[in-house]
$ cat coords-v1.cif   # mmCIF, C-alpha atoms
data_upload
loop_
_atom_site.label_atom_id
_atom_site.label_comp_id
_atom_site.auth_asym_id
_atom_site.auth_seq_id
_atom_site.Cartn_x
_atom_site.Cartn_y
_atom_site.Cartn_z
CA MET A 2 45.55 80.16 86.85
CA GLU A 3 45.20 82.60 83.94
CA ILE A 4 46.54 86.14 83.84
CA LYS A 5 43.00 87.58 83.94
CA ASP A 6 42.56 85.98 87.38
CA LEU A 7 45.33 88.23 88.75
CA SER A 8 43.20 91.33 88.25
CA TYR A 9 40.52 89.96 90.61
CA ASN A 10 42.67 88.30 93.27
CA THR A 11 45.90 89.14 95.07
CA GLY A 12 48.78 87.04 96.28
CA GLU A 13 49.79 85.94 99.77
CA TRP A 14 52.39 88.68 100.17
CA LEU A 15 49.69 91.40 100.16
CA ARG A 16 47.64 89.93 102.99
CA GLY A 17 48.97 92.46 105.54
CA THR A 18 50.24 89.96 108.09
CA GLY A 19 53.62 88.68 109.26
CA LYS A 20 56.22 90.29 111.51
CA GLU A 21 56.32 94.10 111.59
CA SER A 22 53.44 94.15 109.08
CA ASP A 23 52.37 97.65 110.11
CA ILE A 24 55.54 98.91 108.42
CA VAL A 25 57.04 95.98 106.48
CA ILE A 26 54.92 95.09 103.46
CA SER A 27 56.99 92.15 102.22
CA SER A 28 60.31 90.31 102.18
CA ARG A 29 61.78 89.12 98.90
CA ILE A 30 64.83 87.13 97.80
CA ARG A 31 65.96 86.63 94.21
CA LEU A 32 68.67 84.29 92.91
CA ALA A 33 70.39 84.69 89.54
CA ARG A 34 71.48 81.47 87.82
CA ASN A 35 72.89 80.51 84.40
CA VAL A 36 73.18 77.11 82.71
CA THR A 37 76.75 76.15 81.78
CA ALA A 38 75.82 74.70 78.38
CA PHE A 39 74.81 78.11 77.02
CA PRO A 40 76.44 81.56 76.76
CA PHE A 41 75.09 84.51 78.74
CA LEU A 42 72.02 86.02 77.08
CA SER A 43 74.01 89.06 75.95
CA ARG A 44 76.05 86.67 73.76
CA ALA A 45 73.34 84.14 72.90
CA ASN A 46 71.68 84.03 69.49
CA LEU A 47 67.95 83.51 68.94
CA ARG A 48 68.30 79.73 68.61
CA GLN A 49 70.22 79.47 71.88
CA ARG A 50 67.70 81.68 73.69
CA LYS A 51 64.92 79.41 72.50
CA GLU A 52 66.80 76.32 73.66
CA VAL A 53 67.37 77.85 77.10
CA GLU A 54 63.68 78.76 77.40
CA SER A 55 62.58 75.26 76.39
CA LEU A 56 65.04 73.52 78.72
CA LEU A 57 64.18 75.62 81.77
CA ARG A 58 60.42 75.58 81.16
CA GLU A 59 60.39 71.78 80.89
CA THR A 60 62.71 71.34 83.89
CA ILE A 61 60.60 73.62 86.08
CA ALA A 62 57.43 71.76 85.06
CA LYS A 63 59.01 68.42 86.05
CA THR A 64 60.32 69.70 89.37
CA GLU A 65 57.80 69.74 92.23
CA ILE A 66 58.41 73.34 93.21
CA THR A 67 54.84 74.27 94.09
CA LYS A 68 51.32 73.17 93.22
CA GLU A 69 49.36 74.69 90.33
CA LEU A 70 52.31 76.36 88.63
CA SER A 71 51.29 78.66 85.77
CA TYR A 72 53.49 79.64 82.84
CA VAL A 73 53.29 82.74 80.63
CA ASN A 74 55.22 83.09 77.36
CA LEU A 75 56.26 86.75 77.38
CA ASN A 76 57.20 86.67 73.70
CA THR A 77 53.52 86.31 72.81
CA ALA A 78 51.90 88.05 75.80
CA THR A 79 50.05 91.33 75.26
CA THR A 80 51.43 94.66 76.46
CA VAL A 81 48.75 94.88 79.14
CA ASP A 82 49.46 91.36 80.39
CA LYS A 83 53.17 92.10 80.71
CA LEU A 84 52.45 95.36 82.53
CA LEU A 85 50.15 93.53 84.94
CA LEU A 86 52.87 90.95 85.70
CA VAL A 87 55.34 93.78 86.41
CA GLU A 88 52.88 95.50 88.74
CA ARG A 89 52.40 92.20 90.55
CA HIS A 90 56.19 91.86 91.05
CA LEU A 91 56.15 88.53 89.19
CA ILE A 92 58.53 89.83 86.51
CA SER A 93 60.83 92.83 86.20
CA LYS A 94 60.31 95.79 83.88
CA GLU A 95 63.39 94.67 81.92
CA HIS A 96 61.91 91.20 81.50
CA ALA A 97 58.68 92.65 80.13
CA GLU A 98 60.50 94.90 77.67
CA GLY A 99 62.95 92.23 76.47
CA ASP A 100 62.82 90.32 73.21
CA GLY A 101 63.10 86.74 72.06
CA GLU A 102 61.87 83.61 73.78
CA ARG A 103 61.33 84.23 77.49
CA GLY A 104 58.70 83.52 80.09
CA VAL A 105 57.71 83.29 83.73
CA ALA A 106 56.36 80.49 85.91
CA PHE A 107 54.55 81.39 89.13
CA GLY A 108 52.49 79.71 91.81
CA LYS A 109 48.87 80.34 92.71
CA THR A 110 49.76 82.25 95.89
CA GLU A 111 52.34 84.32 93.92
CA THR A 112 55.01 83.70 96.56
CA ILE A 113 57.18 81.94 93.96
CA SER A 114 58.22 83.26 90.56
CA LEU A 115 60.77 81.87 88.10
CA MET A 116 61.81 84.23 85.30
CA ILE A 117 63.38 82.62 82.23
CA ASN A 118 65.69 84.63 79.97
CA GLU A 119 65.54 87.90 81.87
CA GLU A 120 69.11 89.22 82.28
CA ASP A 121 70.30 85.76 83.29
CA HIS A 122 68.99 82.40 82.11
CA LEU A 123 67.00 82.00 85.32
CA ARG A 124 65.88 84.31 88.09
CA ILE A 125 64.30 82.52 91.05
CA GLN A 126 62.18 84.72 93.32
CA VAL A 127 60.32 84.12 96.58
CA ILE A 128 58.27 86.85 98.25
CA ARG A 129 56.45 86.70 101.59
CA ALA A 130 54.28 89.06 103.62
CA GLY A 131 55.90 90.96 106.49
CA PHE A 132 59.45 90.75 107.80
CA GLU A 133 60.16 87.11 106.97
CA LEU A 134 63.63 86.97 105.42
CA LYS A 135 64.65 83.73 107.15
CA ASN A 136 61.54 81.86 106.03
CA THR A 137 61.89 83.33 102.56
CA TRP A 138 65.48 82.13 102.36
CA ALA A 139 64.53 78.62 103.52
CA VAL A 140 61.98 78.33 100.68
CA ILE A 141 64.19 79.71 97.90
CA ASP A 142 67.19 77.68 99.03
CA GLU A 143 65.14 74.49 98.71
CA ILE A 144 63.95 75.48 95.22
CA ASP A 145 67.53 76.26 94.18
CA ASN A 146 68.71 72.88 95.48
CA CYS A 147 65.95 71.02 93.62
CA LEU A 148 66.79 72.73 90.34
CA SER A 149 70.53 72.22 90.88
CA GLU A 150 69.94 68.47 90.86
CA LYS A 151 68.60 68.72 87.30
CA LEU A 152 70.59 71.66 85.91
CA ASN A 153 74.31 72.43 85.88
CA PHE A 154 74.56 76.07 86.97
CA ALA A 155 77.64 78.14 86.10
CA PHE A 156 79.80 78.26 89.22
CA SER A 157 83.40 79.16 90.01
CA SER A 158 85.21 77.92 93.10
CA ARG A 159 86.88 81.31 93.28
CA PHE A 160 84.04 83.71 92.48
CA GLY A 161 80.86 81.76 93.18
CA TYR A 162 77.85 81.80 90.84
CA LEU A 163 78.63 83.45 87.49
CA THR A 164 76.12 86.00 86.24
CA ALA A 165 75.65 88.34 83.28
CA CYS A 166 76.09 91.44 85.47
CA PRO A 167 79.30 91.54 87.58
CA THR A 168 77.43 93.00 90.57
CA ASN A 169 75.50 89.72 90.92
CA VAL A 170 78.54 87.44 90.83
CA GLY A 171 79.05 85.48 94.06
CA THR A 172 75.87 84.34 95.74
CA GLY A 173 73.77 85.75 92.89
CA MET A 174 71.38 86.85 95.62
CA ARG A 175 69.37 90.03 96.06
CA ALA A 176 67.46 90.21 99.32
CA SER A 177 65.05 93.09 99.83
CA VAL A 178 62.43 94.33 102.26
CA MET A 179 59.60 96.67 101.23
CA LEU A 180 58.83 99.28 103.87
CA HIS A 181 56.06 101.85 104.34
CA LEU A 182 57.68 104.93 105.93
CA PRO A 183 55.32 107.92 105.74
CA ALA A 184 56.17 109.46 109.13
CA LEU A 185 59.91 109.55 108.50
CA GLY A 186 59.17 111.40 105.27
CA MET A 187 56.81 113.85 106.95
CA THR A 188 59.32 114.62 109.74
CA LYS A 189 62.18 115.07 107.23
CA HIS A 190 64.30 112.30 108.79
CA ILE A 191 64.19 109.86 105.88
CA GLU A 192 67.48 110.99 104.31
CA LYS A 193 69.41 110.54 107.56
CA VAL A 194 68.18 106.98 107.87
CA PHE A 195 69.06 106.09 104.30
CA ASN A 196 72.50 107.68 104.49
CA ALA A 197 73.22 105.36 107.42
CA VAL A 198 71.86 102.39 105.46
CA GLY A 199 74.16 103.17 102.51
CA LYS A 200 77.24 102.97 104.75
CA LEU A 201 76.36 99.34 105.47
CA GLY A 202 76.44 98.39 101.79
CA LEU A 203 72.67 98.49 101.34
CA VAL A 204 70.74 100.45 98.74
CA VAL A 205 67.31 102.12 98.79
CA ARG A 206 65.04 101.89 95.76
CA GLY A 207 61.45 102.58 94.79
CA LEU A 208 58.42 100.30 94.60
CA TYR A 209 59.72 98.36 91.59
CA GLY A 210 63.42 98.22 92.44
CA GLU A 211 66.34 99.59 90.47
CA GLY A 212 65.64 102.68 88.43
CA THR A 213 62.22 103.39 89.92
CA LYS A 214 61.29 106.41 92.00
CA VAL A 215 59.69 106.30 95.41
CA SER A 216 55.88 106.51 95.41
CA GLY A 217 53.39 106.21 98.24
CA ASP A 218 56.20 106.30 100.85
CA LEU A 219 57.12 102.74 99.81
CA TYR A 220 60.83 101.88 99.83
CA GLN A 221 62.81 98.76 99.02
CA ILE A 222 66.02 98.18 100.96
CA SER A 223 68.35 95.53 99.55
CA ASN A 224 71.97 94.41 99.41
CA GLN A 225 74.09 96.18 96.81
CA PHE A 226 76.78 93.52 96.27
CA THR A 227 76.84 89.74 96.42
CA LEU A 228 80.55 88.95 95.98
CA GLY A 229 82.66 88.20 99.03
CA LYS A 230 79.78 87.46 101.41
CA THR A 231 77.73 84.37 102.08
CA GLU A 232 73.96 84.32 101.83
CA ASN A 233 73.62 84.26 105.62
CA GLU A 234 75.99 87.22 106.01
CA ILE A 235 73.94 89.28 103.58
CA LEU A 236 70.71 88.36 105.36
CA SER A 237 72.22 89.16 108.76
CA ILE A 238 73.12 92.69 107.67
CA ILE A 239 69.60 93.40 106.43
CA GLU A 240 68.01 91.74 109.46
CA SER A 241 70.04 93.95 111.78
CA VAL A 242 69.05 97.16 109.97
CA ILE A 243 65.30 96.73 109.40
CA PRO A 244 64.28 96.67 113.10
CA ARG A 245 66.11 99.97 113.61
CA ILE A 246 64.28 101.58 110.71
CA THR A 247 60.88 100.30 111.87
CA SER A 248 61.69 101.64 115.34
CA TYR A 249 62.53 105.08 113.92
CA GLU A 250 59.29 105.09 111.91
CA ARG A 251 57.22 104.27 115.00
CA MET A 252 58.98 107.00 116.96
CA ALA A 253 58.24 109.48 114.17
CA ARG A 254 54.56 108.46 114.17
CA LYS A 255 54.34 108.94 117.94
CA ALA A 256 55.96 112.35 117.60
CA LEU A 257 53.41 113.38 114.99
CA VAL A 258 50.56 112.30 117.27
CA LEU A 259 51.98 114.19 120.25
CA GLU A 260 53.06 117.36 118.48
CA SER A 261 50.50 117.83 115.71
CA LYS A 262 47.62 115.41 116.23
CA GLU A 263 44.98 117.65 114.69
CA GLN A 264 47.00 118.24 111.53
CA LEU A 265 47.77 114.53 111.27
CA GLU A 266 44.13 113.53 111.70
CA ASP A 267 43.07 116.12 109.14
CA ARG A 268 45.63 114.80 106.66
CA VAL A 269 44.54 111.20 107.15
CA TRP A 270 40.79 111.87 106.97
CA ARG A 271 41.14 114.19 103.98
CA SER A 272 42.91 111.37 102.17
CA TYR A 273 40.22 108.89 103.17
CA GLY A 274 37.53 111.32 102.05
CA MET A 275 39.22 111.76 98.67
CA LEU A 276 39.33 108.03 98.14
CA LYS A 277 35.63 107.67 98.99
CA THR A 278 34.36 110.58 96.91
CA ALA A 279 36.79 111.53 94.12
CA ARG A 280 35.70 111.02 90.50
CA MET A 281 39.21 111.08 89.02
CA ILE A 282 42.47 109.94 90.65
CA THR A 283 45.91 109.64 89.04
CA SER A 284 48.34 106.76 89.68
CA GLU A 285 50.70 108.92 91.75
CA GLU A 286 47.89 110.57 93.68
CA ILE A 287 46.26 107.34 94.79
CA LEU A 288 49.54 105.94 96.12
CA GLN A 289 49.95 109.00 98.32
CA LEU A 290 46.33 108.91 99.49
CA LEU A 291 46.57 105.20 100.32
CA SER A 292 49.84 105.84 102.17
CA GLN A 293 48.20 108.40 104.46
CA VAL A 294 45.18 106.18 105.13
CA ARG A 295 47.39 103.15 105.81
CA MET A 296 49.26 105.14 108.45
CA GLY A 297 45.94 106.29 109.89
CA VAL A 298 44.73 102.71 110.23
CA ASN A 299 47.95 101.67 111.99
CA LEU A 300 47.62 104.61 114.40
CA GLY A 301 44.01 103.69 115.19
CA LEU A 302 42.57 106.82 113.61
CA ILE A 303 40.50 104.78 111.12
CA ASN A 304 38.94 101.49 112.14
CA ASP A 305 36.62 100.45 109.31
CA ILE A 306 39.15 99.24 106.73
CA GLU A 307 41.48 96.24 106.80
CA MET A 308 45.20 96.41 106.07
CA LYS A 309 44.77 93.70 103.44
CA THR A 310 42.35 95.92 101.52
CA LEU A 311 44.75 98.87 101.53
CA ASN A 312 47.70 96.72 100.46
CA GLU A 313 45.64 95.31 97.60
CA LEU A 314 44.55 98.77 96.44
CA PHE A 315 48.20 99.81 96.09
CA ILE A 316 48.45 97.16 93.34
CA LEU A 317 44.94 96.72 91.92
CA THR A 318 44.62 100.41 90.98
CA LEU A 319 47.75 100.45 88.82
CA PRO A 320 47.35 100.91 85.02
CA GLY A 321 47.86 97.29 83.98
CA HIS A 322 45.29 95.97 86.44
CA LEU A 323 42.67 98.57 85.51
CA GLN A 324 43.07 97.85 81.79
CA LYS A 325 42.86 94.11 82.40
CA LEU A 326 39.66 94.57 84.40
CA GLN A 327 38.14 96.60 81.55
CA GLY A 328 39.41 94.19 78.89
CA CYS A 329 40.93 96.93 76.74
CA GLU A 330 43.68 99.55 76.65
CA LEU A 331 42.78 102.90 78.23
CA ASP A 332 44.24 106.38 78.01
CA SER A 333 45.29 108.20 81.20
CA THR A 334 42.00 110.10 81.59
CA GLN A 335 39.95 106.92 81.27
CA ARG A 336 42.18 105.18 83.80
CA ASN A 337 41.81 108.06 86.26
CA ILE A 338 38.01 107.85 86.07
CA ILE A 339 37.86 104.05 86.35
CA ARG A 340 40.44 104.05 89.18
CA ALA A 341 38.33 106.45 91.26
CA SER A 342 35.17 104.44 90.58
CA TYR A 343 36.87 101.15 91.49
CA VAL A 344 38.16 102.53 94.81
CA ARG A 345 34.79 104.03 95.74
CA LYS A 346 33.09 100.68 95.18
CA ARG A 347 35.70 98.78 97.21
CA LEU A 348 35.37 101.19 100.15
CA ASP A 349 31.56 101.29 99.95
CA ASN A 350 31.46 97.50 100.18
CA LEU A 351 33.41 97.39 103.43
#
$ encode --input "coords-v1.cif" --output "structure tokens"
Amino acid sequence: MEIKDLSYNTGEWLRGTGKESDIVISSRIRLARNVTAFPFLSRANLRQRKEVESLLRETIAKTEITKELSYVNLNTATTVDKLLLVERHLISKEHAEGDGERGVAFGKTETISLMINEEDHLRIQVIRAGFELKNTWAVIDEIDNCLSEKLNFAFSSRFGYLTACPTNVGTGMRASVMLHLPALGMTKHIEKVFNAVGKLGLVVRGLYGEGTKVSGDLYQISNQFTLGKTENEILSIIESVIPRITSYERMARKALVLESKEQLEDRVWRSYGMLKTARMITSEEILQLLSQVRMGVNLGLINDIEMKTLNELFILTLPGHLQKLQGCELDSTQRNIIRASYVRKRLDNL
């Protein structure tokens, strides 16, 4: 698979299925690992970074992790290509903006991603559609075990896996669930829910994790610390919280239908009408419009559009994807025009 193929197709995690898929977009687990023979990247020189990249790239290629594994050298990739990979959740923003030899290997379905020389030597990531943390953990644990047979990862009997950032020491695991929570936002109950989540040692972030703001009513809930807890303990905490949040969101949606159905329908259909007729749409605007329409589909107010299509539009209308489709860099005005045109065509073809 080549990077250009990503702008025409989407991965398995956007298919709109899985448990709680009306609210839970995806489940993701990431493991941070470092090879004992090399210093952390913050202390490594250019030669050592190159040696780490070469070792891990060759090891991953020899390990049967998944079929049709693609590899992108981020040191030579274009700005648009790196942005597209960030938008696709295959690499982090920090990985894209880094320097020196680094890269990413990912499978055809995009459920598996292995980032080399991000903050740590290796970041293993598995992402699945819906509320599927247990299945996600089973897959990433197997990958970690396979790589551990070929690589000596830095590990302390006292602290666990050793990582560049102290907050990742221990399991080295970040587990997160991406949620679509428009009704809780509309009913002004979102802060209460997240205050309760924070007391359990979990953190709420935006669409692209740490340091990103919330857009399109999409939230990521993940563990804040990894030291002192096992992987299963961390997963159990998140698994106990998510069903409560999805329940609150459904209650809020029912309340909106009962108390202000006309206003809700007007809001949903106005958003749908904007998507089908607008000639210019900004990045932030389209996320909010898609959020309203997605809720409308789940409430049965709109029946002629699939959840998979809406999930894909959240990603395919982002700047990197639009520029890759056009084959050139675009300014914001050009992107707004092309974005609106692209959405109109997708909805007209339904």
$ atom_distance --input "coords-v1.cif" --atom1 "CA of Tyr220 in chain A" --atom2 "CA of Met275 in chain A"
23.8 Å
$ closest_residue --input "coords-v1.cif" --among "A:Arg245, A:Arg206, A:Lys277, A:Arg58" --to "Asn118 in chain A" --atoms "only C-alpha atoms"
A:Arg58
$ closest_residue --input "coords-v1.cif" --among "A:Thr231, A:Thr188, A:Ser261, A:Thr80" --to "Glu98 in chain A" --atoms "all atoms listed in the file"
A:Thr80
$ resolve_selection --input "coords-v1.cif" --expression "the PyMOL selection byres ((chain A and resi 319) around 9)" --output "PyMOL selection string"
chain A and resi 85+88+284+314-318+320-324+336+340
$ resolve_selection --input "coords-v1.cif" --expression "the PyMOL selection byres ((chain A and resi 310) around 9)" --output "JSON, numbers by chain"
{"A": [15, 16, 17, 306, 307, 308, 309, 311, 312, 313, 314, 315, 347, 348]}
$ axis_aligned_box --input "coords-v1.cif" --around "range 290-302 of chain A" --padding-each-side "8 Å" --output "JSON"
{"center_x": 46.2, "center_y": 105.3, "center_z": 107.3, "size_x": 23.3, "size_y": 23.2, "size_z": 31.7}
$ closest_residue --input "coords-v1.cif" --among "A:Val81, A:Leu56, A:Ile113, A:Met187" --to "Lys68 in chain A" --atoms "all atoms listed in the file"
A:Ile113
